[in-house]
Amino acid sequence: MPAVDIPGSKSITARALFLAAAADGVSTLVRPLRSDDTEGFAEGLTRLGYRVGRTPGTWQVDGRPQGPAHAEADVFCRDGATTARFLPTLAAAGHGTYRFDASPQMRRRPLGPLTRALRDLGVDLRHTETEGHHPLTVHAAGVEGGEVVLDAGESSQYLTALLLLGPLTRTGLRIRVSELVSAPYVEITLAMMRAFGVDVVRDGTVYEVPAGGYRATTYTVEPDASTASYFFAAAAVTPGREITVPGLGTGALQGDLRFVEVLRRMGAHVEVAEDRTTVRGTGELRGLTVNMRDISDTMPTLAAIAPFASGPVRIEDVANTRVKECDRLEACADNLRRLGVRVATGPDWIEIRPGTPAPGTGIKTFGDHRIVMSFAVTALRTPGLTYDDPGCVRNTFPGFHEAFAALPDAG
């Protein structure tokens with residue numbers, strides 16, 4: 001049974017770095033993702049004065065519950081959304097002046113609801129150019145705590161940042177959420193906080209986070225389920241090809257593993273065991289209508305294989321994909337049209353008709369790793385596809401092209 005070794009989860013690695021930095025003691029992270037985004041997060045911690053020791057298979061972080069060691073720092077967040085949203089929140093719990101900036105791509109992505117919530121909690125935070133966007137400066141003096149209302153309808157990362165901050169406040173946090181997208185990512189956060197010694201009490205849309213800090217631990221990072229989606233999709237579009245991903249099974253934290261249920265509905269053979277997931281292509285790929293609000297990072301994966309389905313594929317409730325590394329909904333539509341596939345879009349949906357993608361087409365990546373990796377699956381049945389920026393996969397999986405080229409043949 002051909003097994004594919006998927007790198008560690010980007011979402012989990014970023015949360016683990018925050019938790020380890022905030023914990024009392026030295027934490028060891030096992031199998032963290034090494035990519036541009038996570039290296040940027042670790043580098044940001046170092047700039048703030050945290051000690052991060054990196055060996056190939058493990059990272060060790062000396063926690064500082066009292067906040068950054070440096071009283072002043074400049075942090076460049078690169079392209080990383082978790083870095084750009086989590087590190088200013090972590091810094092707010094310390095004492096000092098911390099300046100944050102990011103790449104042009106990340107500068108375009110919104111921060112407003114998170115910075116409004118931090119200001120409501122008394123944090124002195126200023127956007128130095130465009131309100132609600134990087135760059136920003138935090139004049140930190142610790143966070144008292146209290147109650148705050150948050151709109152996380154654009155990104156669940158806003159809620160995760162505040163949840164992670166809660167135990168570092170003096171009196172704890174009560175977060176009332178008005179809107180929430182990508183809810184499974186919040187479940188990851190809550191489970192990881194438990195692993196570091198903090199239990200959050202949730203009552204409907206209200207989250208009660210106790211003060212008291214985190215406990216250092218050894219934490220193993222599971223494989224990235226969003227990245228695994230490309231390999232599962234590769235099996236689904238190829239009759240007889242079977243792919244197993246070890247380390248992702250019934251106990252996985254990541255909601256994006258539910259992508260295999262979409263493939264099952266389309267006709268692929270799917271088996272989810274305790275410690276692994278296997279997908280096999282059956283030669284059948286049916287059209288469907290699917291709500292992907294909670295697994296929207298895998299929307300491009302489904303869009304890229306949709307032309308091979310026997311009927312239309314309609315993906316709904318994915319408005320938040322328009323404020324990712326690029327407008328992913330339009331990026332998918334644009335590339336499918338380049339391939340000669342009929343597509344219709346709305347504010348929060350895309351519908352793709354069956355068709356035979358045109359060989360030799362140039363794919364426009366928009367600098368987004370997920371666009372490259374998704375259309376690599378299309379390329380399995382469409383010869384000669386090229387990408388204007390194939391290297392942008394370094395954000396999450398620097399060795400993606402090599403791993404994809406080494407896929408096992410159909411059985």
# chains A, B, ... in the order shown; residues from 1 in each chain; ligands from 1

$ residues_around --residues "segment 198-209 of chain A" --least-positions-apart "4" --cutoff "6 Å" --atoms "only C-alpha atoms" --output "PDB file with N, CA and C atoms, in the first residue's frame"
ATOM      1  N   GLY A 166      -5.681  34.478  25.821  1.00  0.00           N
ATOM      2  CA  GLY A 166      -6.462  34.462  27.053  1.00  0.00           C
ATOM      3  C   GLY A 166      -5.698  34.095  28.324  1.00  0.00           C
ATOM      4  N   GLY A 172      -8.136  36.710  32.619  1.00  0.00           N
ATOM      5  CA  GLY A 172      -8.823  35.795  31.706  1.00  0.00           C
ATOM      6  C   GLY A 172      -9.673  36.553  30.693  1.00  0.00           C
ATOM      7  N   LEU A 173     -10.163  35.830  29.691  1.00  0.00           N
ATOM      8  CA  LEU A 173     -10.933  36.455  28.611  1.00  0.00           C
ATOM      9  C   LEU A 173     -12.286  35.782  28.454  1.00  0.00           C
ATOM     10  N   ARG A 174     -13.266  36.606  28.130  1.00  0.00           N
ATOM     11  CA  ARG A 174     -14.586  36.107  27.735  1.00  0.00           C
ATOM     12  C   ARG A 174     -14.814  36.639  26.323  1.00  0.00           C
ATOM     13  N   ILE A 175     -14.822  35.751  25.341  1.00  0.00           N
ATOM     14  CA  ILE A 175     -14.914  36.158  23.929  1.00  0.00           C
ATOM     15  C   ILE A 175     -16.299  35.792  23.406  1.00  0.00           C
ATOM     16  N   ARG A 176     -17.017  36.795  22.961  1.00  0.00           N
ATOM     17  CA  ARG A 176     -18.348  36.577  22.379  1.00  0.00           C
ATOM     18  C   ARG A 176     -18.196  36.713  20.856  1.00  0.00           C
ATOM     19  N   VAL A 177     -18.497  35.644  20.129  1.00  0.00           N
ATOM     20  CA  VAL A 177     -18.251  35.609  18.682  1.00  0.00           C
ATOM     21  C   VAL A 177     -19.548  35.846  17.918  1.00  0.00           C
ATOM     22  N   MET A 193      -4.575  23.862  23.147  1.00  0.00           N
ATOM     23  CA  MET A 193      -4.502  24.564  24.430  1.00  0.00           C
ATOM     24  C   MET A 193      -4.631  23.564  25.584  1.00  0.00           C
ATOM     25  N   ARG A 194      -5.504  22.565  25.405  1.00  0.00           N
ATOM     26  CA  ARG A 194      -5.635  21.516  26.437  1.00  0.00           C
ATOM     27  C   ARG A 194      -4.316  20.783  26.623  1.00  0.00           C
TER      28      ARG A 194
END

$ residues_around --residues "Thr244 of chain A" --least-positions-apart "4" --cutoff "7 Å" --atoms "only C-alpha atoms" --output "PDB file with C-alpha atoms, in the first residue's frame"
ATOM      1  CA  MET A   1       0.000   0.000   0.000  1.00  0.00           C
ATOM      2  CA  PRO A   2       1.891   3.106  -1.227  1.00  0.00           C
ATOM      3  CA  ALA A   3       2.319   5.585   1.627  1.00  0.00           C
ATOM      4  CA  VAL A   4       3.061   9.285   1.129  1.00  0.00           C
ATOM      5  CA  ARG A 276      -4.004   6.528   8.469  1.00  0.00           C
ATOM      6  CA  THR A 277      -6.296   7.425   5.580  1.00  0.00           C
ATOM      7  CA  THR A 278      -6.399   5.701   2.189  1.00  0.00           C
ATOM      8  CA  VAL A 279      -8.065   6.869  -1.030  1.00  0.00           C
TER       9      VAL A 279
END

$ residues_around --residues "Asp101 of chain A" --least-positions-apart "4" --cutoff "9 Å" --atoms "only C-alpha atoms" --output "VMD selection string"
chain A and resid 74 to 78 84 106 to 107 134 to 137

$ select_by_dssp --residues "segment 131-368 of chain A" --states "strand (DSSP E or B)" --output "JSON, numbers by chain"
{"A": [136, 137, 138, 139, 140, 141, 146, 147, 148, 149, 150, 151, 152, 173, 174, 175, 176, 177, 178, 179, 180, 201, 202, 203, 206, 207, 208, 209, 214, 215, 218, 219, 220, 223, 242, 243, 244, 245, 246, 269, 270, 271, 272, 276, 277, 278, 279, 280, 288, 289, 290, 291, 313, 314, 315, 316, 343, 344, 345, 346, 349, 350, 351, 352, 362, 363]}

$ atom_distance --atom1 "atom CA of Arg314 of chain A" --atom2 "atom CA of Ser296 of chain A"
13.3 Å

$ closest_residue --among "A:Gly391, A:Gly281, A:Gly8, A:Gly340" --to "Gly247 of chain A" --atoms "only C-alpha atoms"
A:Gly8

$ residues_around --residues "Leu407 of chain A" --least-positions-apart "3" --cutoff "9 Å" --atoms "only C-alpha atoms" --output "PyMOL selection string"
chain A and resi 2+4+231+234+243+403-404

$ closest_residue --among "A:Leu253, A:Val377, A:Val237, A:Val290" --to "Ser310 of chain A" --atoms "only C-alpha atoms"
A:Val237

$ atom_distance --atom1 "atom CA of Arg31 of chain A" --atom2 "atom CA of Val221 of chain A"
5.6 Å

$ residues_around --residues "Gly255 of chain A" --least-positions-apart "3" --cutoff "12 Å" --atoms "only C-alpha atoms" --output "PyMOL selection string"
chain A and resi 9+11-12+182-189+224-226+229+248-252+258-261+292-298

$ write_last_selection --atoms "C-alpha atoms" --output "mmCIF file, in the first residue's frame"
data_model
loop_
_atom_site.group_PDB
_atom_site.id
_atom_site.type_symbol
_atom_site.label_atom_id
_atom_site.label_comp_id
_atom_site.auth_asym_id
_atom_site.auth_seq_id
_atom_site.Cartn_x
_atom_site.Cartn_y
_atom_site.Cartn_z
ATOM 1 C CA SER A 9 0.609 20.809 9.548
ATOM 2 C CA SER A 11 -1.701 25.454 11.272
ATOM 3 C CA ILE A 12 -0.603 23.159 14.076
ATOM 4 C CA SER A 182 -13.613 27.650 9.270
ATOM 5 C CA ALA A 183 -14.821 26.475 12.696
ATOM 6 C CA PRO A 184 -12.733 23.236 12.671
ATOM 7 C CA TYR A 185 -9.570 25.353 12.957
ATOM 8 C CA VAL A 186 -10.885 26.669 16.275
ATOM 9 C CA GLU A 187 -11.299 23.063 17.437
ATOM 10 C CA ILE A 188 -7.589 22.539 16.674
ATOM 11 C CA THR A 189 -6.770 25.549 18.851
ATOM 12 C CA ASP A 224 -0.906 18.696 7.104
ATOM 13 C CA ALA A 225 -4.420 17.657 6.026
ATOM 14 C CA SER A 226 -4.752 20.503 3.500
ATOM 15 C CA SER A 229 -5.805 16.784 -0.080
ATOM 16 C CA LEU A 248 -3.924 11.244 9.649
ATOM 17 C CA GLY A 249 -6.839 9.140 10.863
ATOM 18 C CA THR A 250 -9.936 9.170 13.033
ATOM 19 C CA GLY A 251 -8.129 11.048 15.812
ATOM 20 C CA ALA A 252 -6.793 13.838 13.563
ATOM 21 C CA ARG A 258 -13.088 15.828 5.832
ATOM 22 C CA PHE A 259 -12.139 16.524 2.201
ATOM 23 C CA VAL A 260 -11.936 12.741 1.741
ATOM 24 C CA GLU A 261 -15.674 12.564 2.498
ATOM 25 C CA MET A 292 -17.106 23.916 2.010
ATOM 26 C CA ARG A 293 -17.339 26.750 4.556
ATOM 27 C CA ASP A 294 -15.531 24.694 7.185
ATOM 28 C CA ILE A 295 -12.896 23.174 4.859
ATOM 29 C CA SER A 296 -12.382 26.091 2.493
ATOM 30 C CA ASP A 297 -8.601 25.593 2.112
ATOM 31 C CA THR A 298 -9.443 22.484 0.085
#

$ atom_distance --atom1 "atom CA of Glu43 of chain A" --atom2 "atom CA of Gly80 of chain A"
11.7 Å

$ residues_around --residues "Leu90 of chain A" --least-positions-apart "3" --cutoff "9 Å" --atoms "only C-alpha atoms" --output "PyMOL selection string"
chain A and resi 18+21-22+67-68+86-87+93-94+161+164-165+168

$ residues_around --residues "Arg338 of chain A" --least-positions-apart "5" --cutoff "9 Å" --atoms "only C-alpha atoms" --output "list in words"
Ala333, Pro357, Ala358, Thr361, Gly362 and Ile363 of chain A

$ select_by_dssp --residues "segment 167-375 of chain A" --states "alpha helix (DSSP H)" --output "VMD selection string"
chain A and resid 183 to 195 225 to 236 259 to 266 299 to 305 328 to 338 369 to 375
